[in-house]
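Peer 1: The structure follows.
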Amino acid sequence: MRTSKTKSKQKQLLIKSRTENLTTVREFVSLAVEEVNIPQDIAGDIVLAVDEACTNIIKHAYKFFPDGDITIQLKYSEKNIKVKITDHGASFSPESVPTPDLKKYFEEKRVGGLGMYLMKSLMDEVHYKSVPGKYNQVLLTKKLNSTN
Amino acid sequence: MAEFSTSIKDQGNINIVYLKGFLDAHTAPSLENTFSGLVDKGRYQIVVNFKDLAYISSAGLGVFMAFIEKIRENNGDIKLSSMSDKVFNIFDLLGFPLLYEIFKTEEEAVKKFNEIK
């Protein structure tokens, strides 16, 4: 894993696709958002959303293959925080994962799929881009102007 | 690496499970093992105390979903207690209070089991 600071308001982390690296991901995001003066609960939302995105990549894109690359780029301004997470695993179609009806979800005792729902709930925007055979990207945006 | 541990206290027919640290996709199997161990021994009345849990992601929430049906089929339950606001908010966001009883204190959760008897 390596970190770099390419611009004053952009940071990047590269990790291998292992769940043990989720701690590193959370610490990286926590430290980066500390530089923006945002409430602690908003910072916590961003940390959790990035954890969920990386967990989905490890489980579904790389299917627990431990040596895939995951790049996390975090850009922040006074208006928003954007996190771009890139992997080179199996491509993914977000349309194939419907937003769960939580009541029905519980009745059916489903276990997976909560991560994407959490990401959408915690962030203002969640966008996916997939170029099969090349890369997948998840772009998470948290707007700050209304909360800061 | 995420630090997470569980410990169990027997209190009559009720087992109190204490969670400590960070519950994510890496550490969720540890909680699965704890629940599996209790279910295998026929211990279906479970209170989970979240007092020392600093963090939970959906992988951790999924563990509760995975065991609740079997436990309730055996006239048991998983009752939750002592969550920080931060952890409760995640449970709440996903609608868990509809499915699980969540108490402010461990004692209240234990008392609820004892009332049912």
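By convention in this document, the chains of the structure tokens carry letters A, B, ... by their order, each chain's residues are numbered from 1, and ligands are numbered from 1 in the order they are shown.
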Once DSSP has gone over the backbone, tell me which residues of segment 53-106 of chain B are in alpha helix (DSSP H), as a ChimeraX atom specification.

Peer 2: /B:58-73,85-93,106

Peer 1: Taking only C-alpha atoms into account, which residues of chain A are within 6 Å of chain B, as a compact mmCIF listing (two decimals) with all heavy atoms, in the first residue's frame?

Peer 2:
```
# COMPACT_ATOMS: atom_id res chain seq x y z
N THR A 19 -9.86 -7.93 3.04
CA THR A 19 -10.68 -7.28 4.08
C THR A 19 -9.82 -6.74 5.22
O THR A 19 -10.22 -5.78 5.89
CB THR A 19 -11.74 -8.25 4.65
OG1 THR A 19 -11.10 -9.43 5.12
CG2 THR A 19 -12.79 -8.59 3.61
N GLU A 20 -8.64 -7.33 5.43
CA GLU A 20 -7.79 -6.81 6.52
C GLU A 20 -7.35 -5.37 6.24
O GLU A 20 -6.96 -4.64 7.16
CB GLU A 20 -6.56 -7.71 6.71
CG GLU A 20 -5.59 -7.67 5.55
CD GLU A 20 -4.70 -8.88 5.50
OE1 GLU A 20 -5.21 -10.00 5.58
OE2 GLU A 20 -3.48 -8.71 5.38
N THR A 23 -9.28 -1.50 7.57
CA THR A 23 -8.83 -0.59 8.64
C THR A 23 -8.01 0.56 8.05
O THR A 23 -8.19 1.73 8.41
CB THR A 23 -7.98 -1.34 9.68
OG1 THR A 23 -8.71 -2.46 10.14
CG2 THR A 23 -7.61 -0.46 10.85
N VAL A 111 -29.32 -11.44 3.42
CA VAL A 111 -28.16 -11.00 4.19
C VAL A 111 -27.33 -9.97 3.41
O VAL A 111 -26.86 -8.99 3.96
CB VAL A 111 -27.30 -12.21 4.60
CG1 VAL A 111 -26.01 -11.74 5.25
CG2 VAL A 111 -28.07 -13.09 5.56
N LEU A 114 -27.02 -4.91 1.69
CA LEU A 114 -27.23 -3.77 2.57
C LEU A 114 -26.20 -2.66 2.33
O LEU A 114 -26.48 -1.50 2.56
CB LEU A 114 -27.16 -4.19 4.05
CG LEU A 114 -28.28 -5.11 4.56
CD1 LEU A 114 -28.00 -5.52 5.99
CD2 LEU A 114 -29.64 -4.43 4.47
N GLY A 115 -25.02 -3.06 1.87
CA GLY A 115 -23.93 -2.10 1.70
C GLY A 115 -24.27 -1.02 0.71
O GLY A 115 -24.03 0.17 0.96
```

Peer 1: Just want the 12 Å neighbourhood of Thr105 of chain B, counted on only C-alpha atoms, with same-chain residues fewer than 4 positions away dropped. Output as a PDB file with C-alpha atoms, in the first residue's frame.

Peer 2:
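This is the output file around_6.pdb:
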```pdb
ATOM      1  CA  ILE B  16     -24.826 -11.841  27.211  1.00  0.00           C
ATOM      2  CA  VAL B  47     -28.481 -10.197  24.672  1.00  0.00           C
ATOM      3  CA  VAL B  48     -25.799  -8.381  22.695  1.00  0.00           C
ATOM      4  CA  ASN B  49     -24.164  -5.519  24.579  1.00  0.00           C
ATOM      5  CA  PHE B  50     -22.704  -2.890  22.205  1.00  0.00           C
ATOM      6  CA  LYS B  51     -21.171  -0.663  24.882  1.00  0.00           C
ATOM      7  CA  LYS B  79     -31.973  -8.422  21.944  1.00  0.00           C
ATOM      8  CA  LEU B  80     -29.592  -5.514  21.564  1.00  0.00           C
ATOM      9  CA  SER B  81     -28.426  -3.051  24.197  1.00  0.00           C
ATOM     10  CA  SER B  82     -26.135  -0.174  25.109  1.00  0.00           C
ATOM     11  CA  MET B  83     -25.422   1.183  21.607  1.00  0.00           C
ATOM     12  CA  SER B  84     -23.623   4.471  21.053  1.00  0.00           C
ATOM     13  CA  GLU B 101     -35.684  -4.927  20.241  1.00  0.00           C
ATOM     14  CA  ALA B 109     -32.888  -6.419  27.754  1.00  0.00           C
ATOM     15  CA  VAL B 110     -32.399  -9.218  30.301  1.00  0.00           C
ATOM     16  CA  LYS B 111     -35.538  -8.133  32.138  1.00  0.00           C
ATOM     17  CA  LYS B 112     -37.544  -8.403  28.909  1.00  0.00           C
TER      18      LYS B 112
END
```

Peer 1: Which residues, written as a VMD selection string, have at least one atom at most 7 Å from Lys16 of chain A, with only C-alpha atoms counted and residues fewer than 5 positions away on the same chain left out?

Peer 2: chain A and resid 66 to 70

Peer 1: Running DSSP on the backbone, which parts of chain B land in strand (DSSP E), as a PDB file with N, CA, C and O atoms, in the first residue's frame?

Peer 2:
```pdb
ATOM      1  N   PHE B   4     -11.182  -6.523  17.016  1.00  0.00           N
ATOM      2  CA  PHE B   4     -12.551  -6.861  17.407  1.00  0.00           C
ATOM      3  C   PHE B   4     -12.507  -8.098  18.286  1.00  0.00           C
ATOM      4  O   PHE B   4     -11.730  -9.018  18.041  1.00  0.00           O
ATOM      5  N   SER B   5     -13.313  -8.100  19.322  1.00  0.00           N
ATOM      6  CA  SER B   5     -13.387  -9.300  20.145  1.00  0.00           C
ATOM      7  C   SER B   5     -14.785  -9.422  20.739  1.00  0.00           C
ATOM      8  O   SER B   5     -15.523  -8.435  20.837  1.00  0.00           O
ATOM      9  N   THR B   6     -15.127 -10.649  21.073  1.00  0.00           N
ATOM     10  CA  THR B   6     -16.388 -10.885  21.769  1.00  0.00           C
ATOM     11  C   THR B   6     -16.094 -11.641  23.061  1.00  0.00           C
ATOM     12  O   THR B   6     -15.106 -12.366  23.156  1.00  0.00           O
ATOM     13  N   SER B   7     -16.934 -11.432  24.041  1.00  0.00           N
ATOM     14  CA  SER B   7     -16.872 -12.272  25.241  1.00  0.00           C
ATOM     15  C   SER B   7     -18.299 -12.591  25.655  1.00  0.00           C
ATOM     16  O   SER B   7     -19.231 -11.854  25.296  1.00  0.00           O
ATOM     17  N   ILE B   8     -18.469 -13.695  26.353  1.00  0.00           N
ATOM     18  CA  ILE B   8     -19.813 -14.169  26.679  1.00  0.00           C
ATOM     19  C   ILE B   8     -19.941 -14.358  28.181  1.00  0.00           C
ATOM     20  O   ILE B   8     -19.030 -14.892  28.829  1.00  0.00           O
ATOM     21  N   LYS B   9     -21.081 -13.906  28.696  1.00  0.00           N
ATOM     22  CA  LYS B   9     -21.379 -14.145  30.117  1.00  0.00           C
ATOM     23  C   LYS B   9     -22.690 -14.925  30.200  1.00  0.00           C
ATOM     24  O   LYS B   9     -23.670 -14.551  29.559  1.00  0.00           O
ATOM     25  N   ASP B  10     -22.665 -16.015  30.960  1.00  0.00           N
ATOM     26  CA  ASP B  10     -23.900 -16.776  31.194  1.00  0.00           C
ATOM     27  C   ASP B  10     -24.667 -16.134  32.328  1.00  0.00           C
ATOM     28  O   ASP B  10     -24.100 -15.835  33.375  1.00  0.00           O
ATOM     29  N   GLN B  11     -25.961 -15.950  32.108  1.00  0.00           N
ATOM     30  CA  GLN B  11     -26.802 -15.419  33.183  1.00  0.00           C
ATOM     31  C   GLN B  11     -28.094 -16.247  33.187  1.00  0.00           C
ATOM     32  O   GLN B  11     -29.078 -15.880  32.560  1.00  0.00           O
ATOM     33  N   ILE B  14     -29.915 -17.032  29.884  1.00  0.00           N
ATOM     34  CA  ILE B  14     -29.594 -15.947  28.955  1.00  0.00           C
ATOM     35  C   ILE B  14     -28.080 -15.831  28.798  1.00  0.00           C
ATOM     36  O   ILE B  14     -27.335 -15.967  29.773  1.00  0.00           O
ATOM     37  N   ASN B  15     -27.647 -15.612  27.568  1.00  0.00           N
ATOM     38  CA  ASN B  15     -26.236 -15.354  27.325  1.00  0.00           C
ATOM     39  C   ASN B  15     -26.058 -13.895  26.915  1.00  0.00           C
ATOM     40  O   ASN B  15     -26.731 -13.419  26.011  1.00  0.00           O
ATOM     41  N   ILE B  16     -25.146 -13.223  27.587  1.00  0.00           N
ATOM     42  CA  ILE B  16     -24.826 -11.841  27.211  1.00  0.00           C
ATOM     43  C   ILE B  16     -23.560 -11.887  26.360  1.00  0.00           C
ATOM     44  O   ILE B  16     -22.548 -12.454  26.789  1.00  0.00           O
ATOM     45  N   VAL B  17     -23.630 -11.329  25.171  1.00  0.00           N
ATOM     46  CA  VAL B  17     -22.460 -11.267  24.290  1.00  0.00           C
ATOM     47  C   VAL B  17     -21.977  -9.824  24.256  1.00  0.00           C
ATOM     48  O   VAL B  17     -22.737  -8.916  23.902  1.00  0.00           O
ATOM     49  N   TYR B  18     -20.740  -9.622  24.661  1.00  0.00           N
ATOM     50  CA  TYR B  18     -20.141  -8.281  24.667  1.00  0.00           C
ATOM     51  C   TYR B  18     -19.280  -8.109  23.416  1.00  0.00           C
ATOM     52  O   TYR B  18     -18.435  -8.948  23.126  1.00  0.00           O
ATOM     53  N   LEU B  19     -19.539  -7.022  22.685  1.00  0.00           N
ATOM     54  CA  LEU B  19     -18.758  -6.735  21.476  1.00  0.00           C
ATOM     55  C   LEU B  19     -17.786  -5.601  21.775  1.00  0.00           C
ATOM     56  O   LEU B  19     -18.145  -4.630  22.433  1.00  0.00           O
ATOM     57  N   LYS B  20     -16.576  -5.747  21.245  1.00  0.00           N
ATOM     58  CA  LYS B  20     -15.579  -4.697  21.498  1.00  0.00           C
ATOM     59  C   LYS B  20     -14.807  -4.405  20.209  1.00  0.00           C
ATOM     60  O   LYS B  20     -14.372  -5.339  19.533  1.00  0.00           O
ATOM     61  N   GLY B  21     -14.688  -3.132  19.870  1.00  0.00           N
ATOM     62  CA  GLY B  21     -13.839  -2.744  18.747  1.00  0.00           C
ATOM     63  C   GLY B  21     -14.581  -2.442  17.469  1.00  0.00           C
ATOM     64  O   GLY B  21     -15.609  -1.773  17.477  1.00  0.00           O
ATOM     65  N   PHE B  22     -14.072  -2.994  16.366  1.00  0.00           N
ATOM     66  CA  PHE B  22     -14.534  -2.623  15.025  1.00  0.00           C
ATOM     67  C   PHE B  22     -15.112  -3.858  14.324  1.00  0.00           C
ATOM     68  O   PHE B  22     -14.398  -4.822  14.078  1.00  0.00           O
ATOM     69  N   LEU B  23     -16.397  -3.788  13.988  1.00  0.00           N
ATOM     70  CA  LEU B  23     -17.067  -4.923  13.344  1.00  0.00           C
ATOM     71  C   LEU B  23     -17.267  -4.587  11.869  1.00  0.00           C
ATOM     72  O   LEU B  23     -18.128  -3.774  11.519  1.00  0.00           O
ATOM     73  N   GLN B  45     -31.360 -17.600  23.882  1.00  0.00           N
ATOM     74  CA  GLN B  45     -31.746 -16.313  24.487  1.00  0.00           C
ATOM     75  C   GLN B  45     -30.477 -15.466  24.627  1.00  0.00           C
ATOM     76  O   GLN B  45     -29.638 -15.720  25.504  1.00  0.00           O
ATOM     77  N   ILE B  46     -30.358 -14.510  23.724  1.00  0.00           N
ATOM     78  CA  ILE B  46     -29.090 -13.788  23.611  1.00  0.00           C
ATOM     79  C   ILE B  46     -29.313 -12.267  23.730  1.00  0.00           C
ATOM     80  O   ILE B  46     -30.182 -11.705  23.065  1.00  0.00           O
ATOM     81  N   VAL B  47     -28.529 -11.666  24.596  1.00  0.00           N
ATOM     82  CA  VAL B  47     -28.481 -10.197  24.672  1.00  0.00           C
ATOM     83  C   VAL B  47     -27.107  -9.778  24.154  1.00  0.00           C
ATOM     84  O   VAL B  47     -26.085 -10.320  24.589  1.00  0.00           O
ATOM     85  N   VAL B  48     -27.085  -8.874  23.197  1.00  0.00           N
ATOM     86  CA  VAL B  48     -25.799  -8.381  22.695  1.00  0.00           C
ATOM     87  C   VAL B  48     -25.582  -6.968  23.230  1.00  0.00           C
ATOM     88  O   VAL B  48     -26.387  -6.070  23.003  1.00  0.00           O
ATOM     89  N   ASN B  49     -24.501  -6.811  23.977  1.00  0.00           N
ATOM     90  CA  ASN B  49     -24.164  -5.519  24.579  1.00  0.00           C
ATOM     91  C   ASN B  49     -23.133  -4.808  23.688  1.00  0.00           C
ATOM     92  O   ASN B  49     -22.020  -5.303  23.483  1.00  0.00           O
ATOM     93  N   PHE B  50     -23.527  -3.637  23.165  1.00  0.00           N
ATOM     94  CA  PHE B  50     -22.704  -2.890  22.205  1.00  0.00           C
ATOM     95  C   PHE B  50     -21.863  -1.794  22.858  1.00  0.00           C
ATOM     96  O   PHE B  50     -21.278  -0.969  22.155  1.00  0.00           O
ATOM     97  N   LYS B  51     -21.800  -1.789  24.174  1.00  0.00           N
ATOM     98  CA  LYS B  51     -21.171  -0.663  24.882  1.00  0.00           C
ATOM     99  C   LYS B  51     -19.770  -0.317  24.344  1.00  0.00           C
ATOM    100  O   LYS B  51     -19.427   0.846  24.182  1.00  0.00           O
ATOM    101  N   ASP B  52     -18.969  -1.343  24.062  1.00  0.00           N
ATOM    102  CA  ASP B  52     -17.588  -1.096  23.648  1.00  0.00           C
ATOM    103  C   ASP B  52     -17.371  -1.272  22.144  1.00  0.00           C
ATOM    104  O   ASP B  52     -16.233  -1.428  21.693  1.00  0.00           O
ATOM    105  N   LEU B  53     -18.487  -1.290  21.386  1.00  0.00           N
ATOM    106  CA  LEU B  53     -18.333  -1.397  19.937  1.00  0.00           C
ATOM    107  C   LEU B  53     -18.168   0.007  19.351  1.00  0.00           C
ATOM    108  O   LEU B  53     -19.044   0.848  19.480  1.00  0.00           O
ATOM    109  N   ALA B  54     -17.045   0.228  18.675  1.00  0.00           N
ATOM    110  CA  ALA B  54     -16.742   1.563  18.154  1.00  0.00           C
ATOM    111  C   ALA B  54     -17.293   1.774  16.751  1.00  0.00           C
ATOM    112  O   ALA B  54     -17.529   2.907  16.333  1.00  0.00           O
ATOM    113  N   TYR B  55     -17.494   0.662  16.005  1.00  0.00           N
ATOM    114  CA  TYR B  55     -17.809   0.810  14.573  1.00  0.00           C
ATOM    115  C   TYR B  55     -18.521  -0.428  14.064  1.00  0.00           C
ATOM    116  O   TYR B  55     -18.196  -1.550  14.462  1.00  0.00           O
ATOM    117  N   ILE B  56     -19.495  -0.221  13.172  1.00  0.00           N
ATOM    118  CA  ILE B  56     -20.149  -1.363  12.522  1.00  0.00           C
ATOM    119  C   ILE B  56     -20.439  -1.011  11.073  1.00  0.00           C
ATOM    120  O   ILE B  56     -20.831   0.114  10.756  1.00  0.00           O
ATOM    121  N   ASP B  77     -34.380 -15.254  21.063  1.00  0.00           N
ATOM    122  CA  ASP B  77     -34.313 -13.935  20.432  1.00  0.00           C
ATOM    123  C   ASP B  77     -32.899 -13.372  20.613  1.00  0.00           C
ATOM    124  O   ASP B  77     -32.146 -13.811  21.487  1.00  0.00           O
ATOM    125  N   ILE B  78     -32.577 -12.417  19.747  1.00  0.00           N
ATOM    126  CA  ILE B  78     -31.373 -11.611  19.965  1.00  0.00           C
ATOM    127  C   ILE B  78     -31.873 -10.216  20.322  1.00  0.00           C
ATOM    128  O   ILE B  78     -32.557  -9.578  19.520  1.00  0.00           O
ATOM    129  N   LYS B  79     -31.613  -9.784  21.538  1.00  0.00           N
ATOM    130  CA  LYS B  79     -31.973  -8.422  21.944  1.00  0.00           C
ATOM    131  C   LYS B  79     -30.686  -7.606  22.047  1.00  0.00           C
ATOM    132  O   LYS B  79     -29.635  -8.138  22.417  1.00  0.00           O
ATOM    133  N   LEU B  80     -30.788  -6.349  21.677  1.00  0.00           N
ATOM    134  CA  LEU B  80     -29.592  -5.514  21.564  1.00  0.00           C
ATOM    135  C   LEU B  80     -29.616  -4.424  22.623  1.00  0.00           C
ATOM    136  O   LEU B  80     -30.686  -3.915  22.968  1.00  0.00           O
ATOM    137  N   SER B  81     -28.444  -4.084  23.156  1.00  0.00           N
ATOM    138  CA  SER B  81     -28.426  -3.051  24.197  1.00  0.00           C
ATOM    139  C   SER B  81     -27.176  -2.183  24.136  1.00  0.00           C
ATOM    140  O   SER B  81     -26.169  -2.559  23.536  1.00  0.00           O
ATOM    141  N   ILE B 102     -34.284  -3.051  20.786  1.00  0.00           N
ATOM    142  CA  ILE B 102     -33.040  -2.389  21.179  1.00  0.00           C
ATOM    143  C   ILE B 102     -33.278  -1.643  22.491  1.00  0.00           C
ATOM    144  O   ILE B 102     -34.204  -0.840  22.588  1.00  0.00           O
ATOM    145  N   PHE B 103     -32.461  -1.940  23.497  1.00  0.00           N
ATOM    146  CA  PHE B 103     -32.645  -1.366  24.834  1.00  0.00           C
ATOM    147  C   PHE B 103     -31.477  -0.464  25.187  1.00  0.00           C
ATOM    148  O   PHE B 103     -30.357  -0.662  24.712  1.00  0.00           O
TER     149      PHE B 103
END
```

Peer 1: Please report the interatomic distance between atom CA of Pro132 of chain A and atom CA of Gln10 of chain A in Å with one decimal.

Peer 2: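 It comes out at 26.8 Å.
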
Peer 1: For Leu31 of chain A, list every protein, DNA or RNA residue within 10 Å, evaluated using only C-alpha atoms, and leave out those in the same chain fewer than 5 positions away; present the list as a list in words.

Peer 2: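 Contacts, in chain order: Arg26, Val36, Ala43 and Val47 of chain A.
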
Peer 1: Filtering to N, CA and C atoms, could you give me those residues as a compact mmCIF listing (two decimals), in the first residue's frame?

Peer 2:
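So the final result, stored in selection_38.txt, reads:
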```
# COMPACT_ATOMS: atom_id res chain seq x y z
N ARG A 26 -10.25 3.02 6.27
CA ARG A 26 -11.00 3.90 7.19
C ARG A 26 -10.08 4.97 7.78
N VAL A 36 -10.76 18.90 6.42
CA VAL A 36 -11.91 19.76 6.10
C VAL A 36 -12.69 19.87 7.40
N ALA A 43 -18.27 13.07 8.76
CA ALA A 43 -17.02 12.37 8.50
C ALA A 43 -17.23 10.86 8.65
N VAL A 47 -16.64 7.77 5.89
CA VAL A 47 -15.78 6.63 6.20
C VAL A 47 -16.55 5.32 5.97
```

Peer 1: Quote the spacing between atom CA of Asn56 of chain A and atom CA of Lys142 of chain A in Å to one decimal place.

Peer 2: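 Separating atom CA of Asn56 of chain A from atom CA of Lys142 of chain A is a distance of 19.4 Å.
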
Peer 1: Which residue is closest to Leu13 of chain A? Choose from A:Glu78, A:Thr71, A:Asp87, A:Ala49 and count only C-alpha atoms.

Peer 2: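 Closest to Leu13 of chain A, using only C-alpha atoms: A:Thr71.
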
Peer 1: Need the shell around Lys41 of chain B: protein/DNA/RNA residues with any atom at most 12 Å away, counting only C-alpha atoms. Skip same-chain ones fewer than 5 positions apart. Format as a ChimeraX atom specification?

Peer 2: /B:13,15,34-36,71

Peer 1: Find the residues near Lys143 of chain A: any atom within 7 Å, counting only C-alpha atoms, skip ones fewer than 3 places away on the same chain, and give them as a list of chain:residue names.

Peer 2: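 Counting only the stated atoms, we get A:Lys79, A:Asn80, A:Ile81, A:Asp124.
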
Peer 1: Could you save the residues just selected, with C-alpha atoms, as a short mmCIF file (atom, residue, chain, number, x, y, z; two decimals), in the first residue's frame?

Peer 2:
```cif
data_model
loop_
_atom_site.label_atom_id
_atom_site.label_comp_id
_atom_site.auth_asym_id
_atom_site.auth_seq_id
_atom_site.Cartn_x
_atom_site.Cartn_y
_atom_site.Cartn_z
CA LYS A 79 -18.48 22.57 -1.43
CA ASN A 80 -18.09 18.81 -1.40
CA ILE A 81 -16.02 15.74 -0.82
CA ASP A 124 -25.62 12.59 -1.63
#
```

Peer 1: In Å to one decimal, how far is atom CA of Phe28 of chain A from atom CA of His60 of chain A?

Peer 2: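 According to the coordinates, atom CA of His60 of chain A and atom CA of Phe28 of chain A are separated by 22.5 Å.
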